[in-house]
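K.L.:
Pasting in a structure now, in structure tokens, and then I'll have a few things to ask.
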Amino acid sequence: MEGARETLRQAERSAFQPGANWSERAIGTSAPGLALATGRGAQVHREQHFSYTAHRFSCSAVPVRDPSTGALLGVVDLTGDAQAVAVHSLPLLLAAVSAAEAELRLHPAVPAQATLTTLGAGPAVLGTFDAHQPLGLRHAEILFLLGWHSEPGSERGLTAEELAVLLYGEADHEVTVRAELVRLRRLLAEHHSPSIDLLSRPYRLSAPLRVDARDAHTALTAGDRQGALDLYRGQLLPGSEAPGVLRVRRELSALLREAVLSDGSAEDLWRYLQLTEAAEDQDAVRTALRVMPAYSPRRAVLVARSTP
């Protein structure tokens, strides 16, 4: 953030500062949140802001995209008095964004880290800078286990015997595991080369793999309940019976439940109760009713879910 000293002080009093979450979901209507949500330029006058603390400001914002992939990178925002939403404000921001995107074309970014989406009811997805590949359950299990047990930049990995124990519960399935690894290596070569590859002796990935389950676990151990709830769309690979997956699934689910029930806000508890695994969690329902405001329309939904 850059600007006049007094304006920056006023912005800080409204929690508009580096590190704050001004997304639509977190704070309601604002120009940066609208631009992120819609992918288009937006202007919001003072009282149009959802948050009362932002009513002293007006703002204009324009999204910035990666010119090679179209991926949304962020926004350029102008916040201040009425001049921030003047007729010339959006064209000024559009010109700044065009210049930034032109610079990105000249100096393209390093390909983004590969990601593995494993949480929730849908199929697991391996994402790289140029592809998003739905995975079969066995390949998803193997990639998850390699990602979970890996140390980026090291030679640490898993042997076929270790993978067999994690996948089947016993070591005498090495031949089956090696066959699955051959198929997985072929899939990676066809759809994701050169972003990520499968190395051997021991088995490991050629590049760091960002796993949503690990990110959720990290958020929980750091006390970031909201960050964990943003990531946690449901249980880890719910169709898997692999022992190595089951252990992490139970640990992650228990950590989330304990964090929310022990110190969660009414909003945290409500979000947790939308998860399938919390459908019959009467302790969570009672805790939510205890901390939820008396006037909240959500109380009726929770009362209907509660049992004597």
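How things are named: the first chain in the structure tokens is A, the next is B, and so on; residues count from 1 in each chain; ligands count from 1 in the order shown.
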Residues at most 7 Å from stretch 53-62 of chain A, counting only C-alpha atoms, excluding those fewer than 2 positions away in the same chain, as number ranges by chain?

P.N.:
A: 14, 31-32, 35, 40-47, 49, 51, 64, 75-82, 84-85, 89-90, 93-94

K.L.:
Which residues are close to stretch 298-303 of chain A, i.e. within 9 Å by only C-alpha atoms, leaving aside same-chain residues fewer than 5 positions away? Reply as a PyMOL selection string.

P.N.:
chain A and resi 270+285-286+288-289+292-293

K.L.:
Write the residues of the selection above to a file with all heavy atoms, as a compact mmCIF listing (two decimals), in the first residue's frame.

P.N.:
```txt
# COMPACT_ATOMS: atom_id res chain seq x y z
N TRP A 270 -20.88 -22.72 12.17
CA TRP A 270 -21.86 -22.87 11.10
C TRP A 270 -21.22 -23.50 9.86
O TRP A 270 -21.77 -24.41 9.25
CB TRP A 270 -22.47 -21.52 10.76
CG TRP A 270 -23.38 -21.55 9.56
CD1 TRP A 270 -23.10 -21.16 8.29
CD2 TRP A 270 -24.73 -22.05 9.53
NE1 TRP A 270 -24.17 -21.36 7.46
CE2 TRP A 270 -25.20 -21.91 8.20
CE3 TRP A 270 -25.58 -22.58 10.50
CZ2 TRP A 270 -26.47 -22.28 7.82
CZ3 TRP A 270 -26.86 -22.96 10.12
CH2 TRP A 270 -27.30 -22.81 8.79
N VAL A 285 -23.65 -28.91 17.17
CA VAL A 285 -24.92 -28.18 17.09
C VAL A 285 -25.18 -27.42 18.39
O VAL A 285 -25.53 -26.23 18.39
CB VAL A 285 -26.09 -29.13 16.78
CG1 VAL A 285 -27.43 -28.40 16.91
CG2 VAL A 285 -25.95 -29.72 15.39
N ARG A 286 -25.01 -28.10 19.53
CA ARG A 286 -25.26 -27.45 20.82
C ARG A 286 -24.27 -26.32 21.07
O ARG A 286 -24.66 -25.25 21.60
CB ARG A 286 -25.18 -28.49 21.94
CG ARG A 286 -26.39 -29.42 21.98
CD ARG A 286 -26.38 -30.27 23.24
NE ARG A 286 -25.36 -31.31 23.19
CZ ARG A 286 -25.57 -32.52 22.68
NH1 ARG A 286 -26.75 -32.84 22.19
NH2 ARG A 286 -24.60 -33.42 22.68
N ALA A 288 -22.79 -24.51 18.76
CA ALA A 288 -23.17 -23.41 17.87
C ALA A 288 -24.37 -22.64 18.42
O ALA A 288 -24.40 -21.40 18.39
CB ALA A 288 -23.49 -23.96 16.48
N LEU A 289 -25.36 -23.33 18.94
CA LEU A 289 -26.54 -22.66 19.51
C LEU A 289 -26.16 -21.82 20.72
O LEU A 289 -26.76 -20.77 20.98
CB LEU A 289 -27.60 -23.68 19.90
CG LEU A 289 -28.36 -24.32 18.73
CD1 LEU A 289 -29.20 -25.49 19.21
CD2 LEU A 289 -29.23 -23.28 18.02
N MET A 292 -24.22 -18.65 19.13
CA MET A 292 -24.86 -17.92 18.04
C MET A 292 -25.79 -16.84 18.59
O MET A 292 -26.50 -17.07 19.57
CB MET A 292 -25.64 -18.89 17.15
CG MET A 292 -26.10 -18.32 15.84
SD MET A 292 -26.68 -19.63 14.72
CE MET A 292 -25.12 -20.36 14.22
N PRO A 293 -25.79 -15.64 17.98
CA PRO A 293 -26.69 -14.58 18.46
C PRO A 293 -28.15 -15.01 18.44
O PRO A 293 -28.57 -15.78 17.56
CB PRO A 293 -26.44 -13.44 17.46
CG PRO A 293 -25.09 -13.72 16.88
CD PRO A 293 -24.95 -15.21 16.86
```

K.L.:
Restrict the calculation to only C-alpha atoms, then for each residue of stretch 100-185 of chain A with any atom at most 12 Å from an atom of stretch 236-252 of chain A give the closest atom pair and their distance in Å to one decimal, rows by chain and rising residue number, as a Markdown table.

P.N.:
```
| residue | atom | partner | partner_atom | distance |
| --- | --- | --- | --- | --- |
| A:Leu116 | CA | A:Leu237 | CA | 11.2 |
| A:Thr117 | CA | A:Leu237 | CA | 9.2 |
| A:Thr118 | CA | A:Leu237 | CA | 5.6 |
| A:Leu119 | CA | A:Leu236 | CA | 4.6 |
| A:Gly120 | CA | A:Leu236 | CA | 6.5 |
| A:Ala121 | CA | A:Pro238 | CA | 6.7 |
| A:Gly122 | CA | A:Leu237 | CA | 8.7 |
| A:Pro123 | CA | A:Leu237 | CA | 8.0 |
| A:Ala124 | CA | A:Leu237 | CA | 7.3 |
| A:Val125 | CA | A:Leu237 | CA | 10.9 |
| A:Leu135 | CA | A:Leu237 | CA | 11.1 |
| A:Gly136 | CA | A:Gly239 | CA | 10.6 |
| A:Leu137 | CA | A:Ser240 | CA | 7.0 |
| A:Arg138 | CA | A:Ser240 | CA | 8.3 |
| A:His139 | CA | A:Ser240 | CA | 11.1 |
| A:Ala140 | CA | A:Leu237 | CA | 8.0 |
| A:Glu141 | CA | A:Val245 | CA | 7.1 |
| A:Ile142 | CA | A:Val245 | CA | 9.5 |
| A:Leu143 | CA | A:Val245 | CA | 11.0 |
| A:Phe144 | CA | A:Val245 | CA | 8.1 |
| A:Leu145 | CA | A:Gly244 | CA | 7.2 |
| A:Leu146 | CA | A:Gly244 | CA | 10.7 |
| A:Gly147 | CA | A:Val245 | CA | 11.8 |
| A:Trp148 | CA | A:Val248 | CA | 9.3 |
| A:His149 | CA | A:Gly244 | CA | 10.3 |
| A:Glu162 | CA | A:Gly244 | CA | 10.0 |
| A:Leu163 | CA | A:Gly244 | CA | 8.7 |
| A:Ala164 | CA | A:Ala242 | CA | 9.5 |
| A:Val165 | CA | A:Pro243 | CA | 7.7 |
| A:Leu166 | CA | A:Gly244 | CA | 4.4 |
| A:Leu167 | CA | A:Ala242 | CA | 4.5 |
| A:Tyr168 | CA | A:Ala242 | CA | 5.9 |
| A:Gly169 | CA | A:Pro243 | CA | 6.0 |
| A:Glu170 | CA | A:Pro243 | CA | 9.7 |
```

K.L.:
Would you compute the distance between atom CA of A:Gly234 and atom CA of A:Thr276? Give it in Å to one decimal.

P.N.:
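Atom-to-atom, atom CA of A:Gly234 and atom CA of A:Thr276 are spaced 7.0 Å apart.
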
K.L.:
Hey, which bits of stretch 174-240 of chain A sit within 12 Å of stretch 22-26 of chain A, and for each residue what's the closest pair of atoms and how far apart in Å (one decimal), counting only C-alpha atoms, rows by chain and increasing number, as JSON lines?

P.N.:
```
{"residue": "A:Gln226", "atom": "CA", "partner": "A:Ala26", "partner_atom": "CA", "distance": 9.9}
{"residue": "A:Gly227", "atom": "CA", "partner": "A:Ala26", "partner_atom": "CA", "distance": 11.3}
{"residue": "A:Asp230", "atom": "CA", "partner": "A:Arg25", "partner_atom": "CA", "distance": 10.3}
```

K.L.:
Give me every helix (DSSP H, G or I) residue in stretch 220-300 of chain A, going by DSSP on the backbone, as a ChimeraX atom specification.

P.N.:
/A:220-221,225-231,243-263,266-273,276-278,282-291,298-300

K.L.:
Please identify the strand (DSSP E or B) residues within stretch 69-157 of chain A (assignment by DSSP from backbone atoms) and present them as a list in words.

P.N.:
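Assigned to strand (DSSP E or B), within stretch 69-157 of chain A: Leu72, Leu73, Gly74, Val75, Val76, Asp77, Leu78, Thr79, Gly80, Ala114, Thr115, Leu116, Thr117, Leu119, Val125, Leu126, Gly127, Thr128, Ala131, His132, Gln133 and Pro134 of chain A.
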
K.L.:
Could you work out how far atom CA of A:Thr218 lies from atom CA of A:Asp197, giving the answer in Å with one decimal?

P.N.:
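Value for the atom CA of A:Asp197-atom CA of A:Thr218 distance: 25.1 Å.
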
K.L.:
Within 10 Å of A:Gln274, counting only C-alpha atoms, which residues show up once you throw out same-chain ones fewer than 5 positions away? Write them as a list in words, please.

P.N.:
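The neighbour list is Arg233, Gly234, Leu269 and Ala279 of chain A.
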
K.L.:
Take the residues just selected and output them with N, CA and C atoms as a CSV table (one decimal), in the first residue's frame.

P.N.:
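Generated file (result_13.csv):
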```
chain,number,residue,atom,x,y,z
A,233,ARG,N,-13.0,-28.8,2.3
A,233,ARG,CA,-14.3,-29.0,1.6
A,233,ARG,C,-15.0,-30.3,1.9
A,234,GLY,N,-14.3,-31.1,2.7
A,234,GLY,CA,-14.8,-32.5,3.0
A,234,GLY,C,-13.6,-33.4,3.4
A,269,LEU,N,-18.4,-22.4,13.5
A,269,LEU,CA,-19.3,-23.5,13.8
A,269,LEU,C,-20.3,-23.8,12.7
A,279,ALA,N,-22.8,-33.9,10.0
A,279,ALA,CA,-24.3,-33.9,9.9
A,279,ALA,C,-25.0,-34.4,11.2
```

K.L.:
Compare A:Ala304, A:Leu92, A:Val211, A:Val260 by their minimum atom-to-atom distance to A:Ala284, counting only C-alpha atoms, and give me the closest one.

P.N.:
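When distances to A:Ala284 are compared using only C-alpha atoms, the smallest one comes from A:Val260.
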
K.L.:
What does the structure give for the distance between atom CA of A:Thr307 and atom CA of A:Arg225, in Å to one decimal?

P.N.:
26.7 Å

K.L.:
Would you please work out which residue, of A:Arg156, A:Arg178, A:Arg271, A:His191, is nearest to A:Pro134 when using only C-alpha atoms?

P.N.:
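Distance minimum relative to A:Pro134 lands on A:His191.
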
K.L.:
Which residue is closest to A:Asp283? Choose from A:Leu126, A:Leu261, A:Ala37, A:Ala216 and count only C-alpha atoms.

P.N.:
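Of A:Leu126, A:Leu261, A:Ala37, A:Ala216, the one nearest A:Asp283 is A:Leu261, counting only C-alpha atoms.
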